[in-house]
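Encoded as structure tokens, the structure appears first; notes follow it.
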Amino acid sequence: MILFPAIDLKDGQCVRLKLGDMEQATVYNPDPGAQAKAFEDQGFEWLHVVDLNGAFAGESVNGTAVDAILKATKSPVQLGGGIRTLDHIESWLSRGLSRVILGTVAVRDPALVIEACKKFPGHVAVGIDAKGGKVAVEGWAEASELGITELAKKFEGAGVAAIIYTDIDRDGILTGINWDSTLHLAASISIPVIASGGLASIDDVKRMLQPDARKLEGAISGRALYDGRIDPREALALIKAARAKETAQ
């Protein structure tokens with residue numbers, strides 16, 4: 001189980017959005033590289049980075065900030081937002097990313113995702129962002145008619161490293177992860193699922209360590225970490241203890 005701290009990039013700065021609205025952005029750190037190093041120093045194993053401008057523009061916009069993050073930390077980094085072509089994927093992986101997250105293109109062109117998984121095995125994740133139970137695209141600005149599980153099942157057996165499932169209706173408002181929907185998705189597919197959207201407190205960390213959530217790869221935390229609602233030392237100690245217990249069984 002992994003707790004992924006989130007670095008969301010808007011105009012080169014670390015921000016958090018409320019309900020996916022670019023107009024409701026709170027700046028938490030103007031220096032993404034320094035934020036990445038701080039998370040690494042706290043003991044986090046991975047970083048989850050989103051190019052918010054890129055998600056809306058359909059191409060990478062905050063490349064300089066992402067490069068600063070990659071330079072500042074040795075931790076593996078996964079990036080989503082505006083990655084729509086095989087050339088985009090290859091370019092980012094060559095710059096040091098461990099994993100790219102494909103969102104809109106997974107809806108628009110599932111065959112490209114499958115091809116990317118063959119070409120870059122272990123380095124491609126799919127981001128499924130849902131609003132009102134339906135998949136949203138183009139930086140959450142547009143809803144599709146696709147169901148969450150319907151989309152995820154298109155990639156069974158393709159080699160997708162993980163599904164990052166975000167409930168937009170909970171993102172950035174600290175109401176807790178939508179566990180029912182997340183665990184239902186995880187039970188419906190063989191691909192590991194990462195929970196995102198609304199992680200609010202240490203109780204959510206404890207919840208993801210319960211037996212029925214073991215299939216999850218982990219969860220992403222943003223605002224709760226930045227606001228101090230979650231103590232990184234406490235959260236990571238709980239995860240370490242749970243891993244030790246599982247290993248001993």
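By order in the structure tokens, chains are A, B, ...; within a chain, residues start at 1; ligands start at 1, following the order shown.
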Could you give me the residues within region 6-233 of chain A that DSSP places in strand (DSSP E), as an mmCIF file with C-alpha atoms, in the first residue's frame?
```
data_model
loop_
_atom_site.group_PDB
_atom_site.id
_atom_site.type_symbol
_atom_site.label_atom_id
_atom_site.label_comp_id
_atom_site.auth_asym_id
_atom_site.auth_seq_id
_atom_site.Cartn_x
_atom_site.Cartn_y
_atom_site.Cartn_z
ATOM 1 C CA ALA A 6 0.067 15.017 -4.964
ATOM 2 C CA ILE A 7 1.739 17.941 -6.686
ATOM 3 C CA ASP A 8 -0.779 19.639 -8.964
ATOM 4 C CA LEU A 9 0.807 22.197 -11.277
ATOM 5 C CA LYS A 10 -0.912 25.361 -12.484
ATOM 6 C CA GLN A 13 3.156 26.518 -9.072
ATOM 7 C CA CYS A 14 1.900 23.789 -6.710
ATOM 8 C CA VAL A 15 -1.831 24.261 -6.212
ATOM 9 C CA ARG A 16 -4.928 22.400 -5.126
ATOM 10 C CA LEU A 17 -8.230 22.781 -6.917
ATOM 11 C CA LYS A 18 -11.693 22.526 -5.444
ATOM 12 C CA ASP A 21 -12.380 24.001 -10.943
ATOM 13 C CA MET A 22 -9.316 25.870 -12.260
ATOM 14 C CA GLU A 23 -10.799 29.100 -10.917
ATOM 15 C CA GLN A 24 -10.799 27.664 -7.389
ATOM 16 C CA ALA A 25 -7.060 27.098 -7.041
ATOM 17 C CA THR A 26 -5.104 27.587 -3.824
ATOM 18 C CA VAL A 27 -1.351 28.056 -4.242
ATOM 19 C CA TYR A 28 0.587 25.995 -1.688
ATOM 20 C CA ASN A 29 4.134 26.310 -2.963
ATOM 21 C CA LEU A 47 5.145 11.362 -6.150
ATOM 22 C CA HIS A 48 1.924 11.927 -8.058
ATOM 23 C CA VAL A 49 2.155 14.963 -10.351
ATOM 24 C CA VAL A 50 -0.559 16.504 -12.537
ATOM 25 C CA ASP A 51 -0.062 19.173 -15.190
ATOM 26 C CA VAL A 77 7.300 10.142 -10.254
ATOM 27 C CA GLN A 78 4.062 9.521 -12.112
ATOM 28 C CA LEU A 79 2.650 12.322 -14.282
ATOM 29 C CA GLY A 80 -0.715 12.988 -15.855
ATOM 30 C CA ARG A 99 5.053 6.325 -15.078
ATOM 31 C CA VAL A 100 2.799 8.338 -17.374
ATOM 32 C CA ILE A 101 -0.918 8.618 -16.702
ATOM 33 C CA LEU A 102 -3.218 8.621 -19.726
ATOM 34 C CA VAL A 124 1.726 3.355 -18.385
ATOM 35 C CA ALA A 125 -1.184 4.029 -16.035
ATOM 36 C CA VAL A 126 -4.722 5.053 -16.896
ATOM 37 C CA GLY A 127 -6.480 7.901 -15.122
ATOM 38 C CA ILE A 128 -10.238 7.517 -14.785
ATOM 39 C CA ASP A 129 -11.859 10.696 -13.516
ATOM 40 C CA ALA A 130 -15.562 10.419 -12.777
ATOM 41 C CA LYS A 131 -18.292 12.961 -12.182
ATOM 42 C CA LYS A 134 -19.555 8.964 -15.584
ATOM 43 C CA VAL A 135 -16.049 9.405 -16.970
ATOM 44 C CA ALA A 136 -14.927 13.016 -17.472
ATOM 45 C CA VAL A 137 -12.288 14.151 -19.993
ATOM 46 C CA GLU A 142 -16.343 17.537 -20.346
ATOM 47 C CA ALA A 143 -18.429 14.522 -19.375
ATOM 48 C CA SER A 144 -18.682 11.363 -21.461
ATOM 49 C CA GLU A 145 -21.325 8.655 -21.441
ATOM 50 C CA LEU A 146 -18.832 5.985 -20.424
ATOM 51 C CA GLY A 147 -19.194 4.194 -17.118
ATOM 52 C CA ILE A 163 -5.850 2.664 -12.731
ATOM 53 C CA ILE A 164 -5.945 5.995 -10.906
ATOM 54 C CA TYR A 165 -9.590 6.552 -10.050
ATOM 55 C CA THR A 166 -10.664 10.059 -9.033
ATOM 56 C CA ASP A 167 -14.128 11.010 -7.843
ATOM 57 C CA VAL A 193 -6.384 0.654 -8.473
ATOM 58 C CA ILE A 194 -5.144 3.845 -6.821
ATOM 59 C CA ALA A 195 -7.819 5.834 -4.977
ATOM 60 C CA SER A 196 -7.975 9.595 -5.447
ATOM 61 C CA LEU A 216 -5.653 -1.274 -3.921
ATOM 62 C CA GLU A 217 -2.149 -0.128 -4.794
ATOM 63 C CA GLY A 218 -2.682 2.924 -2.615
ATOM 64 C CA ALA A 219 -4.273 6.350 -2.403
ATOM 65 C CA ILE A 220 -3.384 9.916 -3.356
ATOM 66 C CA SER A 221 -3.427 12.753 -0.847
#
```
If we count only C-alpha atoms and set the cut-off at 9 Å, which residues sit around region 232-237 of chain A, ignoring sequence neighbours fewer than 4 positions away in its own chain? Please answer as a list of chain:residue names.
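Counting only C-alpha atoms, the residues come to A:Ile2, A:Leu3, A:Phe39, A:Gln42, A:Gly43, A:Phe44, A:Ile202, A:Val205, A:Lys206, A:Leu225, A:Gly228, A:Ala241, A:Ala242.
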Dump of N, CA and C atoms for the selected residues, as a PDB file, in the first residue's frame:
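Output contents, as saved in selection09.pdb:
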```
ATOM      1  N   ILE A   2       0.593   2.158  -0.905  1.00  0.00           N
ATOM      2  CA  ILE A   2       1.409   3.364  -1.055  1.00  0.00           C
ATOM      3  C   ILE A   2       0.538   4.600  -0.868  1.00  0.00           C
ATOM      4  N   LEU A   3       1.045   5.581  -0.129  1.00  0.00           N
ATOM      5  CA  LEU A   3       0.394   6.879  -0.029  1.00  0.00           C
ATOM      6  C   LEU A   3       1.153   7.835  -0.942  1.00  0.00           C
ATOM      7  N   PHE A  39       8.558  16.317   0.253  1.00  0.00           N
ATOM      8  CA  PHE A  39       7.823  15.058   0.362  1.00  0.00           C
ATOM      9  C   PHE A  39       8.786  13.875   0.462  1.00  0.00           C
ATOM     10  N   GLN A  42      10.195  13.617   3.868  1.00  0.00           N
ATOM     11  CA  GLN A  42       9.228  13.122   4.853  1.00  0.00           C
ATOM     12  C   GLN A  42       9.090  11.605   4.796  1.00  0.00           C
ATOM     13  N   GLY A  43       9.616  10.990   3.743  1.00  0.00           N
ATOM     14  CA  GLY A  43       9.596   9.535   3.667  1.00  0.00           C
ATOM     15  C   GLY A  43       8.658   8.944   2.637  1.00  0.00           C
ATOM     16  N   PHE A  44       8.015   9.786   1.842  1.00  0.00           N
ATOM     17  CA  PHE A  44       7.118   9.258   0.809  1.00  0.00           C
ATOM     18  C   PHE A  44       7.920   8.569  -0.285  1.00  0.00           C
ATOM     19  N   ILE A 202      -6.488  10.953   8.746  1.00  0.00           N
ATOM     20  CA  ILE A 202      -5.804   9.693   9.039  1.00  0.00           C
ATOM     21  C   ILE A 202      -6.791   8.528   9.014  1.00  0.00           C
ATOM     22  N   VAL A 205      -6.590   6.900   5.735  1.00  0.00           N
ATOM     23  CA  VAL A 205      -5.394   6.057   5.640  1.00  0.00           C
ATOM     24  C   VAL A 205      -5.660   4.722   6.334  1.00  0.00           C
ATOM     25  N   LYS A 206      -6.273   4.772   7.516  1.00  0.00           N
ATOM     26  CA  LYS A 206      -6.610   3.539   8.228  1.00  0.00           C
ATOM     27  C   LYS A 206      -7.598   2.696   7.423  1.00  0.00           C
ATOM     28  N   LEU A 225      -2.659  16.806   3.165  1.00  0.00           N
ATOM     29  CA  LEU A 225      -1.242  16.897   3.527  1.00  0.00           C
ATOM     30  C   LEU A 225      -0.795  18.348   3.620  1.00  0.00           C
ATOM     31  N   GLY A 228      -2.089  20.077   6.705  1.00  0.00           N
ATOM     32  CA  GLY A 228      -1.685  19.509   7.981  1.00  0.00           C
ATOM     33  C   GLY A 228      -2.732  18.646   8.644  1.00  0.00           C
ATOM     34  N   ALA A 241       3.645  -0.463   9.373  1.00  0.00           N
ATOM     35  CA  ALA A 241       3.208  -1.502  10.309  1.00  0.00           C
ATOM     36  C   ALA A 241       2.289  -2.500   9.615  1.00  0.00           C
ATOM     37  N   ALA A 242       1.415  -2.004   8.742  1.00  0.00           N
ATOM     38  CA  ALA A 242       0.499  -2.892   8.024  1.00  0.00           C
ATOM     39  C   ALA A 242       1.266  -3.817   7.080  1.00  0.00           C
TER      40      ALA A 242
END
```
Near region 54-61 of chain A, within 10 Å and counting only C-alpha atoms, which residues show up once chain neighbours fewer than 3 positions away are dropped, as a list in words?
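Residues meeting the cut-off are Leu9, Lys10, Asp11, Gly12, Met22, Val50, Asp51, Thr64, Ala65, Val66, Gly80, Gly81, Gly82, Ile83, Arg84, Thr85, His88, Trp92, Gly103, Thr104, Val105, Val137, Glu138, Gly139, Trp140 and Ala141 of chain A.
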Go ahead and write the selection's residues with N, CA and C atoms as a tab-separated table (two decimals), in the first residue's frame.
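As a result, selection-v7.tsv now contains:
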```tsv
chain	number	residue	atom	x	y	z
A	9	LEU	N	0.11	21.04	-10.73
A	9	LEU	CA	0.81	22.20	-11.28
A	9	LEU	C	-0.13	23.08	-12.10
A	10	LYS	N	-0.17	24.35	-11.72
A	10	LYS	CA	-0.91	25.36	-12.48
A	10	LYS	C	-0.02	26.59	-12.60
A	11	ASP	N	0.28	26.97	-13.82
A	11	ASP	CA	1.13	28.14	-14.07
A	11	ASP	C	2.47	28.03	-13.34
A	12	GLY	N	3.02	26.81	-13.28
A	12	GLY	CA	4.34	26.59	-12.70
A	12	GLY	C	4.38	26.50	-11.19
A	22	MET	N	-10.57	25.12	-12.15
A	22	MET	CA	-9.32	25.87	-12.26
A	22	MET	C	-9.42	27.26	-11.65
A	50	VAL	N	0.42	16.23	-11.48
A	50	VAL	CA	-0.56	16.50	-12.54
A	50	VAL	C	-0.28	17.88	-13.13
A	51	ASP	N	-0.18	17.92	-14.46
A	51	ASP	CA	-0.06	19.17	-15.19
A	51	ASP	C	-1.49	19.63	-15.50
A	64	THR	N	8.68	22.66	-17.52
A	64	THR	CA	9.80	23.18	-16.74
A	64	THR	C	9.66	22.82	-15.26
A	65	ALA	N	8.43	22.93	-14.76
A	65	ALA	CA	8.18	22.58	-13.35
A	65	ALA	C	8.37	21.08	-13.12
A	66	VAL	N	7.94	20.26	-14.07
A	66	VAL	CA	8.11	18.81	-13.92
A	66	VAL	C	9.59	18.45	-13.94
A	80	GLY	N	0.44	12.93	-14.97
A	80	GLY	CA	-0.71	12.99	-15.85
A	80	GLY	C	-1.00	14.42	-16.26
A	81	GLY	N	-1.78	14.57	-17.33
A	81	GLY	CA	-2.18	15.90	-17.78
A	81	GLY	C	-1.59	16.26	-19.12
A	82	GLY	N	-2.39	16.14	-20.18
A	82	GLY	CA	-1.95	16.57	-21.50
A	82	GLY	C	-1.08	15.59	-22.25
A	83	ILE	N	-0.95	14.36	-21.76
A	83	ILE	CA	-0.13	13.36	-22.45
A	83	ILE	C	-1.05	12.57	-23.37
A	84	ARG	N	-0.93	12.82	-24.67
A	84	ARG	CA	-1.93	12.30	-25.60
A	84	ARG	C	-1.36	11.47	-26.75
A	85	THR	N	-0.03	11.41	-26.89
A	85	THR	CA	0.56	10.70	-28.02
A	85	THR	C	1.70	9.80	-27.56
A	88	HIS	N	4.70	11.91	-26.89
A	88	HIS	CA	4.63	12.53	-25.56
A	88	HIS	C	5.14	11.55	-24.50
A	92	TRP	N	8.57	11.92	-22.18
A	92	TRP	CA	8.54	12.05	-20.71
A	92	TRP	C	9.31	10.93	-20.03
A	103	GLY	N	-5.29	9.86	-19.56
A	103	GLY	CA	-6.68	10.07	-19.16
A	103	GLY	C	-7.60	10.24	-20.34
A	104	THR	N	-7.64	11.45	-20.89
A	104	THR	CA	-8.53	11.74	-22.01
A	104	THR	C	-8.29	10.79	-23.18
A	105	VAL	N	-7.03	10.50	-23.50
A	105	VAL	CA	-6.73	9.64	-24.64
A	105	VAL	C	-7.21	8.21	-24.39
A	137	VAL	N	-13.51	14.00	-19.19
A	137	VAL	CA	-12.29	14.15	-19.99
A	137	VAL	C	-11.95	15.63	-20.14
A	138	GLU	N	-10.84	15.89	-20.84
A	138	GLU	CA	-10.40	17.27	-21.11
A	138	GLU	C	-10.24	18.08	-19.82
A	139	GLY	N	-9.45	17.52	-18.89
A	139	GLY	CA	-9.24	18.24	-17.63
A	139	GLY	C	-10.50	18.38	-16.81
A	140	TRP	N	-11.36	17.38	-16.90
A	140	TRP	CA	-12.61	17.32	-16.13
A	140	TRP	C	-13.67	18.29	-16.65
A	141	ALA	N	-13.39	18.95	-17.77
A	141	ALA	CA	-14.31	19.98	-18.25
A	141	ALA	C	-15.47	19.40	-19.06
```
Tell me, which residues of region 8-126 of chain A carry DSSP alpha helix (DSSP H), written as a ChimeraX atom specification?
/A:32-42,52-57,63-72,86-94,104-108,110-119
Near region 112-117 of chain A, within 7 Å and counting only C-alpha atoms, which residues show up once chain neighbours fewer than 6 positions away are dropped, as a ChimeraX atom specification?
/A:86,106,124,158-160
Just-selected residues, N, CA and C atoms written as an mmCIF file, in the first residue's frame:
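Dumped to out_9.cif:
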```cif
data_model
loop_
_atom_site.group_PDB
_atom_site.id
_atom_site.type_symbol
_atom_site.label_atom_id
_atom_site.label_comp_id
_atom_site.auth_asym_id
_atom_site.auth_seq_id
_atom_site.Cartn_x
_atom_site.Cartn_y
_atom_site.Cartn_z
ATOM 1 N N LEU A 86 2.083 8.861 -28.416
ATOM 2 C CA LEU A 86 3.226 7.990 -28.112
ATOM 3 C C LEU A 86 4.506 8.808 -28.001
ATOM 4 N N ALA A 106 -7.339 7.819 -23.125
ATOM 5 C CA ALA A 106 -7.852 6.474 -22.818
ATOM 6 C C ALA A 106 -9.310 6.343 -23.236
ATOM 7 N N VAL A 124 2.937 2.664 -17.943
ATOM 8 C CA VAL A 124 1.726 3.355 -18.385
ATOM 9 C C VAL A 124 0.578 3.062 -17.423
ATOM 10 N N ALA A 158 -3.986 -5.689 -20.897
ATOM 11 C CA ALA A 158 -3.163 -4.868 -21.794
ATOM 12 C C ALA A 158 -1.805 -4.532 -21.186
ATOM 13 N N GLY A 159 -1.679 -4.736 -19.867
ATOM 14 C CA GLY A 159 -0.416 -4.391 -19.220
ATOM 15 C C GLY A 159 -0.420 -3.021 -18.560
ATOM 16 N N VAL A 160 -1.604 -2.466 -18.319
ATOM 17 C CA VAL A 160 -1.696 -1.176 -17.616
ATOM 18 C C VAL A 160 -1.172 -1.351 -16.192
#
```
Distance of CA of Arg243 (chain A) from CA of Arg223 (chain A), expressed in Å to one decimal place
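For CA of Arg223 (chain A) relative to CA of Arg243 (chain A), the distance reads 25.1 Å.
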